[in-house]
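Quick notes on the structure that follows.
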2 protein chains.
Amino acid sequence: MPYGLSANDIDKLDQSVSHTKLLQKGETLYRQGTSFKSLYAVKSGSVKITSLNQEASEDVIGIYLPGEIIGFDGIATGEYQCTIHAIETSNVCEINLSEVQENIPGVSQQLLKHAGRAINHGRYARSVAKVSARKRIISFLLDLSDRYRHRGYLATEFELYLSRGELGNLLNLSAETISREIHKLEREKLISIVNKRRIQIKQMDQLKEILIAP
Amino acid sequence: MPYGLSANDIDKLDQSVSHTKLLQKGETLYRQGTSFKSLYAVKSGSVKITSLNQEASEDVIGIYLPGEIIGFDGIATGEYQCTIHAIETSNVCEINLSEVQENIPGVSQQLLKHAGRAINHGRYARSVAKVSARKRIISFLLDLSDRYRHRGYLATEFELYLSRGELGNLLNLSAETISREIHKLEREKLISIVNKRRIQIKQMDQLKEILIAP
DNA sequence: CGTTACGTTGATAGGAATCAATGAGGGTGG
DNA sequence: CCACCCTCATTGATTCCTATCAACGTAACG
């Protein structure tokens, strides 16, 4: 749902802030509690955003795909409230806020739009929390698919990069429930699973119908 | 958690955009689907933000208190994604985006901060969804209390303005569960209830401890 | 080749939803 | 002014979904 910058916008940012970072799988972009430095646009790969709960274990908040912007969690307080890990080899592009706001009029508007998208996506995530495990998982898969499609990637096959446990954490379900429901979807031939973590959407329309049905 | 503008900031906005609106209880500020016009700062009273789900019934997303800013849901797409109703007599102050961004340098930064707060609050709401009904309700009450305190209001007694059903909707619980849990808290003398909808926090520390405990 | 993390599958328990009935205001019209 | 209705709140009984506990399988890796 946070569909991200247009290719055009990314080019603009590229020219103005050419500072990009390469992250290997598992590497950290920033950590919860460290002071806010800049926003980042994901250029390639994907990252996961997590947050420490009271029990000091990590809650998975979401994942970000190319074109999407991260770092808003640090703007309000001056300290990042979350941690970003690359879940595959990824490139991110640094967006120095003050620099950008001074030099590129209009980008500030763009950033606000991105923030708005993030807020709307949060709202969407909230609404997903009300439905059954089955629908939650389908919602997640279709949301990912949609976001890939909007960035020009294949919408019907993609890698999850998350373990069952992380997925469960993200969707507020147990790892066991994730496993069971995903396999039920596969038995029903609505999706296929390759190598545990790669998803093929087989029946997009039927999946959408399930979400609509009571 | 979206603590809102400082009194100072609100004054600044007041001077630049003196256009304020009075909303009677039940009146609508804007509706889902209508085109984005401006952000609004709540000056007094309180409003609720709702969104239509597939079944075309209204999901309560949250409530906003004085000093907090609403309307970000319309920025990304140009159409408001939610509806705002006054739940008591309220004053809001219009924030014309382009006007403000041109004439008051720095406010744009402020707005981004507010968006950041909204994003963080959304994250918080997500994390609340993982815990028991009892903790969810306590979390909600303490969050409200905290936000009132930060705006200079009484933190230990306040009006809910929401029915049990709306509260349940907001916290992803049934109205019956809300009723039961609230009365359990009252029997335990942790809170008092006046007239069904007014809350007195009696044992703030104990309530906080419940949230921390496993 | 053992160790470790992840995934699957089954059995059981528990928390909240749902269904159902009753009570308590609040407003309206006769 | 009172009877009626309608919404909201409360309380109890039952059901159901998902978490939890437990055991086992599997793949990666030192």
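Following the order of the structure tokens, chains are lettered A, B, ..., residues in each are numbered from 1, and ligands are numbered from 1.
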
Next item on the list: Can you check which residues of segment 161-212 of chain A DSSP gives as strand (DSSP E or B) on the backbone and send them as a PyMOL selection string?
Entry: chain A and resi 191-194+198-201

Now that the selection is made, can you save its residues with C-alpha atoms as a short mmCIF file (atom, residue, chain, number, x, y, z; two decimals), in the first residue's frame?
data_model
loop_
_atom_site.label_atom_id
_atom_site.label_comp_id
_atom_site.auth_asym_id
_atom_site.auth_seq_id
_atom_site.Cartn_x
_atom_site.Cartn_y
_atom_site.Cartn_z
CA ILE A 191 -1.03 -20.90 -4.07
CA SER A 192 2.12 -22.96 -4.49
CA ILE A 193 5.13 -23.00 -2.25
CA VAL A 194 8.64 -23.45 -3.54
CA ARG A 198 8.81 -18.71 -2.21
CA ILE A 199 5.16 -18.06 -2.99
CA GLN A 200 3.34 -18.50 -6.26
CA ILE A 201 -0.11 -17.01 -6.42
#

Taking only C-alpha atoms (C1' of nucleotides) into account, produce a table as a tab-separated table in which each residue of chain C with an atom at most 9 Å from an atom of chain A appears once, together with its shortest atom pair and the distance in Å to one decimal, ordered by chain and rising number.
residue	atom	partner	partner_atom	distance
C:DC6	C1'	A:Ser163	CA	7.6
C:DG7	C1'	A:Ser179	CA	7.5
C:DT8	C1'	A:Ser179	CA	7.1
C:DT9	C1'	A:Arg180	CA	8.5

Next item on the list: One decimal, Å: what's the distance from atom CA of Pro214 of chain A over to atom CA of Glu55 of chain B, could you say?
Entry: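 About the pair atom CA of Pro214 of chain A and atom CA of Glu55 of chain B: they are 8.3 Å apart.
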
Margin query: Considering only C-alpha atoms, can you say which of A:Ile75, A:Leu29, A:Leu173, A:Leu144 comes closest to Leu112 of chain A?
Written below: A:Ile75

Check every residue of chain B for an atom within 10 Å of chain A, counting only C-alpha atoms, and provide those that qualify as a tab-separated table (two decimals) with N, CA, C and O atoms, in the first residue's frame.
chain	number	residue	atom	x	y	z
B	2	PRO	N	0.64	10.47	19.99
B	2	PRO	CA	0.81	11.64	19.12
B	2	PRO	C	0.55	12.88	19.93
B	2	PRO	O	-0.55	13.39	19.96
B	3	TYR	N	1.59	13.34	20.63
B	3	TYR	CA	1.35	14.36	21.64
B	3	TYR	C	0.92	15.72	21.11
B	3	TYR	O	0.42	16.54	21.83
B	51	SER	N	-13.50	4.41	9.59
B	51	SER	CA	-13.31	4.00	8.21
B	51	SER	C	-14.31	2.91	7.88
B	51	SER	O	-14.62	2.07	8.73
B	53	ASN	N	-15.48	-0.49	6.49
B	53	ASN	CA	-14.90	-1.76	6.06
B	53	ASN	C	-15.76	-2.37	4.95
B	53	ASN	O	-16.74	-1.78	4.53
B	54	GLN	N	-15.36	-3.54	4.50
B	54	GLN	CA	-16.06	-4.15	3.37
B	54	GLN	C	-17.54	-4.34	3.62
B	54	GLN	O	-18.36	-4.21	2.72
B	55	GLU	N	-17.86	-4.70	4.84
B	55	GLU	CA	-19.28	-4.92	5.16
B	55	GLU	C	-20.02	-3.59	5.29
B	55	GLU	O	-21.16	-3.54	5.72
B	59	ASP	N	-15.59	1.03	11.10
B	59	ASP	CA	-14.56	0.67	12.05
B	59	ASP	C	-14.03	1.93	12.71
B	59	ASP	O	-13.71	2.90	12.03
B	60	VAL	N	-13.96	1.90	14.02
B	60	VAL	CA	-13.36	3.02	14.72
B	60	VAL	C	-11.85	2.86	14.71
B	60	VAL	O	-11.32	1.82	15.12
B	61	ILE	N	-11.15	3.87	14.22
B	61	ILE	CA	-9.69	3.79	14.12
B	61	ILE	C	-9.03	4.40	15.34
B	61	ILE	O	-7.99	3.96	15.80
B	62	GLY	N	-9.63	5.48	15.85
B	62	GLY	CA	-9.02	6.13	16.99
B	62	GLY	C	-9.73	7.42	17.32
B	62	GLY	O	-10.73	7.77	16.70
B	71	GLY	N	-5.97	14.41	9.22
B	71	GLY	CA	-6.07	14.66	7.79
B	71	GLY	C	-4.98	14.00	6.97
B	71	GLY	O	-5.05	13.99	5.75
B	72	PHE	N	-3.98	13.44	7.65
B	72	PHE	CA	-2.88	12.80	6.92
B	72	PHE	C	-3.39	11.67	6.03
B	72	PHE	O	-2.75	11.33	5.04
B	73	ASP	N	-4.53	11.10	6.39
B	73	ASP	CA	-5.07	10.00	5.60
B	73	ASP	C	-5.47	10.42	4.19
B	73	ASP	O	-5.68	9.58	3.32
B	74	GLY	N	-5.54	11.74	3.95
B	74	GLY	CA	-5.94	12.19	2.63
B	74	GLY	C	-4.78	12.64	1.75
B	74	GLY	O	-4.94	12.86	0.56
B	75	ILE	N	-3.62	12.75	2.34
B	75	ILE	CA	-2.48	13.34	1.63
B	75	ILE	C	-1.97	12.47	0.50
B	75	ILE	O	-1.69	12.95	-0.60
B	76	ALA	N	-1.84	11.19	0.76
B	76	ALA	CA	-1.18	10.33	-0.23
B	76	ALA	C	-1.98	10.22	-1.52
B	76	ALA	O	-1.44	10.36	-2.61
B	77	THR	N	-3.28	10.00	-1.40
B	77	THR	CA	-4.09	9.73	-2.59
B	77	THR	C	-4.87	10.95	-3.07
B	77	THR	O	-5.40	10.96	-4.17
B	78	GLY	N	-4.94	11.99	-2.22
B	78	GLY	CA	-5.75	13.14	-2.59
B	78	GLY	C	-7.22	12.96	-2.21
B	78	GLY	O	-8.04	13.82	-2.46
B	81	GLN	N	-9.22	8.97	3.40
B	81	GLN	CA	-9.46	7.53	3.52
B	81	GLN	C	-10.31	7.22	4.75
B	81	GLN	O	-10.64	6.07	5.00
B	82	CYS	N	-10.61	8.26	5.52
B	82	CYS	CA	-11.35	8.07	6.76
B	82	CYS	C	-12.39	9.17	6.90
B	82	CYS	O	-12.45	10.10	6.10
B	97	LEU	N	-2.30	23.28	3.43
B	97	LEU	CA	-0.94	22.77	3.28
B	97	LEU	C	-0.02	23.67	2.47
B	97	LEU	O	1.02	24.10	2.93
B	98	SER	N	-0.44	23.98	1.25
B	98	SER	CA	0.46	24.73	0.37
B	98	SER	C	0.71	26.13	0.93
B	98	SER	O	1.83	26.63	0.91
B	101	GLN	N	3.12	25.81	3.83
B	101	GLN	CA	4.47	25.45	3.43
B	101	GLN	C	5.21	26.58	2.76
B	101	GLN	O	6.43	26.69	2.86
B	102	GLU	N	4.45	27.45	2.08
B	102	GLU	CA	5.11	28.58	1.43
B	102	GLU	C	5.45	29.69	2.41
B	102	GLU	O	6.48	30.33	2.32
B	105	PRO	N	8.23	28.81	6.92
B	105	PRO	CA	9.30	27.82	6.84
B	105	PRO	C	9.45	27.14	8.19
B	105	PRO	O	9.32	27.77	9.22
B	106	GLY	N	9.67	25.86	8.17
B	106	GLY	CA	9.84	25.15	9.43
B	106	GLY	C	8.59	24.41	9.84
B	106	GLY	O	8.68	23.38	10.49
B	108	SER	N	6.65	22.93	7.91
B	108	SER	CA	6.65	21.70	7.13
B	108	SER	C	7.38	20.59	7.90
B	108	SER	O	6.94	19.44	7.94
B	109	GLN	N	8.48	20.95	8.50
B	109	GLN	CA	9.20	20.02	9.38
B	109	GLN	C	8.30	19.55	10.51
B	109	GLN	O	8.25	18.38	10.85
B	110	GLN	N	7.60	20.54	11.10
B	110	GLN	CA	6.69	20.21	12.19
B	110	GLN	C	5.65	19.20	11.75
B	110	GLN	O	5.33	18.26	12.46
B	111	LEU	N	5.11	19.42	10.58
B	111	LEU	CA	4.07	18.52	10.09
B	111	LEU	C	4.63	17.12	9.89
B	111	LEU	O	3.98	16.14	10.23
B	112	LEU	N	5.83	17.05	9.37
B	112	LEU	CA	6.46	15.76	9.18
B	112	LEU	C	6.63	15.06	10.53
B	112	LEU	O	6.44	13.86	10.66
B	113	LYS	N	6.96	15.84	11.54
B	113	LYS	CA	7.08	15.28	12.88
B	113	LYS	C	5.75	14.70	13.34
B	113	LYS	O	5.69	13.64	13.94
B	114	HIS	N	4.69	15.44	13.03
B	114	HIS	CA	3.37	14.94	13.43
B	114	HIS	C	3.02	13.66	12.70
B	114	HIS	O	2.45	12.75	13.27
B	115	ALA	N	3.38	13.64	11.44
B	115	ALA	CA	3.14	12.42	10.68
B	115	ALA	C	3.92	11.28	11.30
B	115	ALA	O	3.41	10.17	11.47
B	116	GLY	N	5.16	11.58	11.68
B	116	GLY	CA	5.99	10.56	12.34
B	116	GLY	C	5.34	10.06	13.61
B	116	GLY	O	5.32	8.86	13.88
B	117	ARG	N	4.76	10.96	14.37
B	117	ARG	CA	4.08	10.56	15.60
B	117	ARG	C	2.91	9.66	15.29
B	117	ARG	O	2.69	8.65	15.96
B	118	ALA	N	2.16	10.03	14.27
B	118	ALA	CA	1.01	9.22	13.90
B	118	ALA	C	1.45	7.81	13.50
B	118	ALA	O	0.82	6.82	13.85
B	119	ILE	N	2.57	7.73	12.80
B	119	ILE	CA	3.09	6.43	12.39
B	119	ILE	C	3.50	5.62	13.61
B	119	ILE	O	3.18	4.44	13.72
B	120	ASN	N	4.18	6.25	14.53
B	120	ASN	CA	4.58	5.55	15.75
B	120	ASN	C	3.38	5.11	16.57
B	120	ASN	O	3.37	4.03	17.14
B	121	HIS	N	2.38	5.94	16.60
B	121	HIS	CA	1.19	5.58	17.36
B	121	HIS	C	0.50	4.39	16.72
B	121	HIS	O	-0.03	3.52	17.41
B	122	GLY	N	0.53	4.37	15.41
B	122	GLY	CA	-0.05	3.23	14.70
B	122	GLY	C	0.69	1.95	15.05
B	122	GLY	O	0.08	0.91	15.26
B	123	ARG	N	1.99	2.05	15.15
B	123	ARG	CA	2.81	0.92	15.51
B	123	ARG	C	2.46	0.44	16.92
B	123	ARG	O	2.32	-0.74	17.18
B	125	ALA	N	-0.41	0.86	18.37
B	125	ALA	CA	-1.74	0.25	18.32
B	125	ALA	C	-1.63	-1.20	17.84
B	125	ALA	O	-2.34	-2.09	18.30
B	126	ARG	N	-0.71	-1.42	16.91
B	126	ARG	CA	-0.48	-2.77	16.41
B	126	ARG	C	0.00	-3.69	17.51
B	126	ARG	O	-0.44	-4.84	17.64
B	127	SER	N	0.95	-3.18	18.30
B	127	SER	CA	1.52	-4.03	19.34
B	127	SER	C	0.47	-4.36	20.40
B	127	SER	O	0.49	-5.43	21.00
B	129	ALA	N	-2.51	-5.00	19.85
B	129	ALA	CA	-3.40	-6.04	19.33
B	129	ALA	C	-2.95	-7.44	19.73
B	129	ALA	O	-3.71	-8.39	19.64
B	130	LYS	N	-1.71	-7.56	20.19
B	130	LYS	CA	-1.20	-8.90	20.53
B	130	LYS	C	-1.59	-9.35	21.92
B	130	LYS	O	-1.47	-10.52	22.23
B	131	VAL	N	-1.98	-8.44	22.77
B	131	VAL	CA	-2.14	-8.79	24.18
B	131	VAL	C	-3.59	-9.11	24.53
B	131	VAL	O	-4.50	-8.96	23.71
B	169	ASN	N	-14.87	-2.12	18.99
B	169	ASN	CA	-14.45	-2.00	17.61
B	169	ASN	C	-13.03	-1.45	17.51
B	169	ASN	O	-12.18	-1.98	16.78
B	170	LEU	N	-12.76	-0.42	18.26
B	170	LEU	CA	-11.44	0.20	18.26
B	170	LEU	C	-10.36	-0.76	18.74
B	170	LEU	O	-9.27	-0.81	18.19
B	171	LEU	N	-10.68	-1.56	19.76
B	171	LEU	CA	-9.67	-2.44	20.35
B	171	LEU	C	-9.77	-3.88	19.84
B	171	LEU	O	-9.09	-4.76	20.35
B	172	ASN	N	-10.59	-4.09	18.84
B	172	ASN	CA	-10.79	-5.43	18.31
B	172	ASN	C	-11.28	-6.39	19.38
B	172	ASN	O	-10.75	-7.49	19.54
B	173	LEU	N	-12.29	-5.96	20.09
B	173	LEU	CA	-12.93	-6.82	21.08
B	173	LEU	C	-14.43	-6.66	20.93
B	173	LEU	O	-14.91	-5.70	20.34
B	211	LEU	N	0.38	-4.12	32.88
B	211	LEU	CA	0.84	-4.11	31.50
B	211	LEU	C	2.22	-4.74	31.37
B	211	LEU	O	2.52	-5.41	30.38
B	212	ILE	N	3.04	-4.52	32.38
B	212	ILE	CA	4.41	-5.03	32.31
B	212	ILE	C	4.45	-6.53	32.58
B	212	ILE	O	5.19	-7.27	31.94
B	213	ALA	N	3.61	-6.95	33.53
B	213	ALA	CA	3.62	-8.37	33.92
B	213	ALA	C	3.30	-9.27	32.73
B	213	ALA	O	2.63	-8.85	31.80
B	214	PRO	N	3.78	-10.50	32.79
B	214	PRO	CA	3.51	-11.46	31.71
B	214	PRO	C	2.05	-11.83	31.73
B	214	PRO	O	1.26	-11.56	30.97

Checklist line | Selected residue of minimal separation from Ser38 of chain B among B:Glu166, B:Glu186, B:Glu79, B:Glu159, counting only C-alpha atoms | finding: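 The shortest atom-to-atom distance to Ser38 of chain B comes from B:Glu79.
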
Next item on the list: May I have the residues of chain D within 9 Å of chain B, counting only C-alpha atoms (C1' of nucleotides), written as a VMD selection string?
Entry: chain D and resid 8 to 11

Output file for the residues above (N, CA, C and O atoms (P, O5', C5', C4', C3', O3' and C1' of nucleotides), as a PDB file, in the first residue's frame):
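Final output, saved to result-v1.pdb:
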ATOM      1  P    DC D   8     -26.392   2.877  20.152  1.00  0.00           P
ATOM      2  O5'  DC D   8     -26.128   2.541  21.689  1.00  0.00           O
ATOM      3  C5'  DC D   8     -26.227   3.591  22.653  1.00  0.00           C
ATOM      4  C4'  DC D   8     -26.113   2.980  24.025  1.00  0.00           C
ATOM      5  C3'  DC D   8     -24.891   2.085  24.200  1.00  0.00           C
ATOM      6  O3'  DC D   8     -24.144   2.565  25.306  1.00  0.00           O
ATOM      7  C1'  DC D   8     -26.857   1.019  24.972  1.00  0.00           C
ATOM      8  P    DA D   9     -22.815   1.841  25.762  1.00  0.00           P
ATOM      9  O5'  DA D   9     -23.361   0.882  26.901  1.00  0.00           O
ATOM     10  C5'  DA D   9     -23.966   1.443  28.052  1.00  0.00           C
ATOM     11  C4'  DA D   9     -24.313   0.350  29.035  1.00  0.00           C
ATOM     12  C3'  DA D   9     -23.166  -0.619  29.344  1.00  0.00           C
ATOM     13  O3'  DA D   9     -23.000  -0.666  30.753  1.00  0.00           O
ATOM     14  C1'  DA D   9     -25.132  -1.802  28.771  1.00  0.00           C
ATOM     15  P    DT D  10     -21.852  -1.515  31.403  1.00  0.00           P
ATOM     16  O5'  DT D  10     -22.624  -2.829  31.853  1.00  0.00           O
ATOM     17  C5'  DT D  10     -23.770  -2.707  32.688  1.00  0.00           C
ATOM     18  C4'  DT D  10     -24.433  -4.053  32.861  1.00  0.00           C
ATOM     19  C3'  DT D  10     -23.503  -5.187  33.293  1.00  0.00           C
ATOM     20  O3'  DT D  10     -24.018  -5.712  34.507  1.00  0.00           O
ATOM     21  C1'  DT D  10     -24.923  -5.866  31.522  1.00  0.00           C
ATOM     22  P    DT D  11     -23.116  -6.526  35.485  1.00  0.00           P
ATOM     23  O5'  DT D  11     -23.549  -8.023  35.178  1.00  0.00           O
ATOM     24  C5'  DT D  11     -24.932  -8.368  35.198  1.00  0.00           C
ATOM     25  C4'  DT D  11     -25.123  -9.699  34.535  1.00  0.00           C
ATOM     26  C3'  DT D  11     -24.013 -10.725  34.765  1.00  0.00           C
ATOM     27  O3'  DT D  11     -24.557 -11.803  35.511  1.00  0.00           O
ATOM     28  C1'  DT D  11     -24.745 -10.718  32.517  1.00  0.00           C
TER      29       DT D  11
END

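The neighbours of DT3 of chain C here are the residues that come within 12 Å of it, using only C-alpha atoms (C1' of nucleotides) and leaving out any residue fewer than 2 positions away in the same chain; they are DC1 and DA5 of chain C; DA28, DC29 and DG30 of chain D.
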
Margin query: Which residues are close to DA13 of chain D, i.e. within 12 Å by only C-alpha atoms (C1' of nucleotides), leaving aside same-chain residues fewer than 3 positions away? Reply as a list in words.
Written below: DT18, DC19, DA20 and DA21 of chain C

Next item on the list: Run DSSP on the backbone and give me the residues of segment 5-214 of chain B it puts in helix (DSSP H, G or I), as a PyMOL selection string.
Entry: chain B and resi 7-16+72-74+97-103+107-128+133-150+164-171+175-187+204-212

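In this model, the gap between atom CA of Tyr80 of chain A and atom CA of Ser132 of chain B comes to 27.3 Å.
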
Notebook entry, point to check: Quick one: residues within 12 Å of DC6 of chain D, only C-alpha atoms (C1' of nucleotides) counted, chain neighbours fewer than 3 positions away excluded, as number ranges by chain?
Noted result: C: 25-28

Could you write those residues out with C-alpha atoms (C1' of nucleotides), as a PDB file, in the first residue's frame?
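Printed below is result.pdb as written:
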ATOM      1  C1'  DG C  25     -31.985   5.519  30.274  1.00  0.00           C
ATOM      2  C1'  DG C  26     -33.707   9.013  26.730  1.00  0.00           C
ATOM      3  C1'  DG C  27     -36.487  10.705  23.497  1.00  0.00           C
ATOM      4  C1'  DT C  28     -41.099  10.872  21.186  1.00  0.00           C
TER       5       DT C  28
END

Note to self: So that I can check the surroundings of Asn91 of chain A, please list as a list of chain:residue names every protein, DNA and RNA residue that reaches within 10 Å of it, counting only C-alpha atoms (C1' of nucleotides) and ignoring chain neighbours fewer than 4 positions away.
What the structure shows: A:Thr20, A:Lys21, A:Leu22, A:Leu23, A:Gln24, A:Tyr40, A:Ala41, A:Val42, A:Lys43, A:Ser44, A:Gly45, A:Ser46, A:Val47, A:Pro66, A:Ala86

Go ahead and save the picked residues with all heavy atoms, as a tab-separated table (two decimals), in the first residue's frame.
chain	number	residue	atom	x	y	z
A	20	THR	N	24.52	6.35	-1.41
A	20	THR	CA	23.78	5.10	-1.25
A	20	THR	C	24.60	4.10	-0.44
A	20	THR	O	25.82	4.19	-0.38
A	20	THR	CB	23.42	4.46	-2.60
A	20	THR	OG1	24.61	4.00	-3.21
A	20	THR	CG2	22.72	5.45	-3.50
A	21	LYS	N	23.87	3.16	0.16
A	21	LYS	CA	24.54	2.15	0.99
A	21	LYS	C	24.16	0.77	0.49
A	21	LYS	O	23.01	0.52	0.15
A	21	LYS	CB	24.05	2.27	2.44
A	21	LYS	CG	24.79	3.25	3.30
A	21	LYS	CD	24.35	3.08	4.75
A	21	LYS	CE	24.82	4.25	5.59
A	21	LYS	NZ	24.46	4.11	7.00
A	22	LEU	N	25.13	-0.12	0.52
A	22	LEU	CA	24.86	-1.52	0.20
A	22	LEU	C	24.74	-2.29	1.51
A	22	LEU	O	25.60	-2.19	2.38
A	22	LEU	CB	26.00	-2.09	-0.64
A	22	LEU	CG	25.92	-3.60	-0.92
A	22	LEU	CD1	24.71	-3.91	-1.79
A	22	LEU	CD2	27.20	-4.09	-1.59
A	23	LEU	N	23.67	-3.03	1.66
A	23	LEU	CA	23.48	-3.84	2.85
A	23	LEU	C	23.45	-5.32	2.47
A	23	LEU	O	22.66	-5.72	1.62
A	23	LEU	CB	22.16	-3.49	3.55
A	23	LEU	CG	22.02	-2.08	4.13
A	23	LEU	CD1	20.59	-1.86	4.61
A	23	LEU	CD2	23.02	-1.86	5.26
A	24	GLN	N	24.29	-6.09	3.11
A	24	GLN	CA	24.21	-7.53	2.92
A	24	GLN	C	23.09	-8.08	3.78
A	24	GLN	O	22.70	-7.47	4.78
A	24	GLN	CB	25.53	-8.21	3.31
A	24	GLN	CG	26.71	-7.83	2.43
A	24	GLN	CD	26.54	-8.24	0.98
A	24	GLN	OE1	25.79	-9.16	0.67
A	24	GLN	NE2	27.23	-7.55	0.08
A	40	TYR	N	15.54	6.99	4.53
A	40	TYR	CA	16.17	6.20	3.50
A	40	TYR	C	15.12	5.72	2.50
A	40	TYR	O	14.01	5.37	2.90
A	40	TYR	CB	16.88	4.98	4.08
A	40	TYR	CG	17.98	5.31	5.06
A	40	TYR	CD1	17.70	5.49	6.41
A	40	TYR	CD2	19.30	5.46	4.62
A	40	TYR	CE1	18.72	5.80	7.30
A	40	TYR	CE2	20.31	5.77	5.50
A	40	TYR	CZ	20.02	5.95	6.85
A	40	TYR	OH	21.02	6.25	7.73
A	41	ALA	N	15.48	5.72	1.25
A	41	ALA	CA	14.63	5.09	0.24
A	41	ALA	C	15.25	3.74	-0.10
A	41	ALA	O	16.45	3.64	-0.32
A	41	ALA	CB	14.55	5.95	-1.00
A	42	VAL	N	14.43	2.71	-0.10
A	42	VAL	CA	14.93	1.40	-0.51
A	42	VAL	C	15.06	1.42	-2.04
A	42	VAL	O	14.12	1.77	-2.74
A	42	VAL	CB	13.95	0.28	-0.09
A	42	VAL	CG1	14.46	-1.07	-0.56
A	42	VAL	CG2	13.76	0.28	1.41
A	43	LYS	N	16.23	1.09	-2.53
A	43	LYS	CA	16.44	1.10	-3.97
A	43	LYS	C	16.33	-0.30	-4.57
A	43	LYS	O	15.82	-0.47	-5.67
A	43	LYS	CB	17.80	1.71	-4.31
A	43	LYS	CG	17.87	3.19	-3.98
A	43	LYS	CD	19.12	3.82	-4.53
A	43	LYS	CE	19.14	3.81	-6.04
A	43	LYS	NZ	20.36	4.43	-6.59
A	44	SER	N	16.84	-1.27	-3.85
A	44	SER	CA	16.70	-2.66	-4.32
A	44	SER	C	16.73	-3.58	-3.11
A	44	SER	O	17.17	-3.19	-2.03
A	44	SER	CB	17.85	-3.01	-5.26
A	44	SER	OG	19.07	-3.04	-4.53
A	45	GLY	N	16.24	-4.79	-3.30
A	45	GLY	CA	16.20	-5.74	-2.20
A	45	GLY	C	15.00	-5.52	-1.30
A	45	GLY	O	13.98	-4.98	-1.72
A	46	SER	N	15.11	-5.96	-0.06
A	46	SER	CA	14.04	-5.69	0.89
A	46	SER	C	14.58	-5.74	2.31
A	46	SER	O	15.56	-6.41	2.60
A	46	SER	CB	12.86	-6.66	0.72
A	46	SER	OG	13.27	-7.95	0.35
A	47	VAL	N	13.93	-4.99	3.15
A	47	VAL	CA	14.36	-4.91	4.55
A	47	VAL	C	13.17	-5.17	5.45
A	47	VAL	O	12.02	-5.03	5.04
A	47	VAL	CB	14.94	-3.50	4.87
A	47	VAL	CG1	16.10	-3.17	3.95
A	47	VAL	CG2	13.86	-2.43	4.78
A	66	PRO	N	11.52	-2.03	-2.69
A	66	PRO	CA	12.10	-0.91	-3.45
A	66	PRO	C	11.08	0.19	-3.72
A	66	PRO	O	9.92	-0.07	-4.04
A	66	PRO	CB	12.52	-1.60	-4.76
A	66	PRO	CG	12.88	-2.98	-4.34
A	66	PRO	CD	11.87	-3.32	-3.27
A	86	ALA	N	18.37	-5.76	6.74
A	86	ALA	CA	18.21	-6.25	5.37
A	86	ALA	C	17.85	-7.73	5.43
A	86	ALA	O	18.46	-8.48	6.18
A	86	ALA	CB	19.50	-6.06	4.59
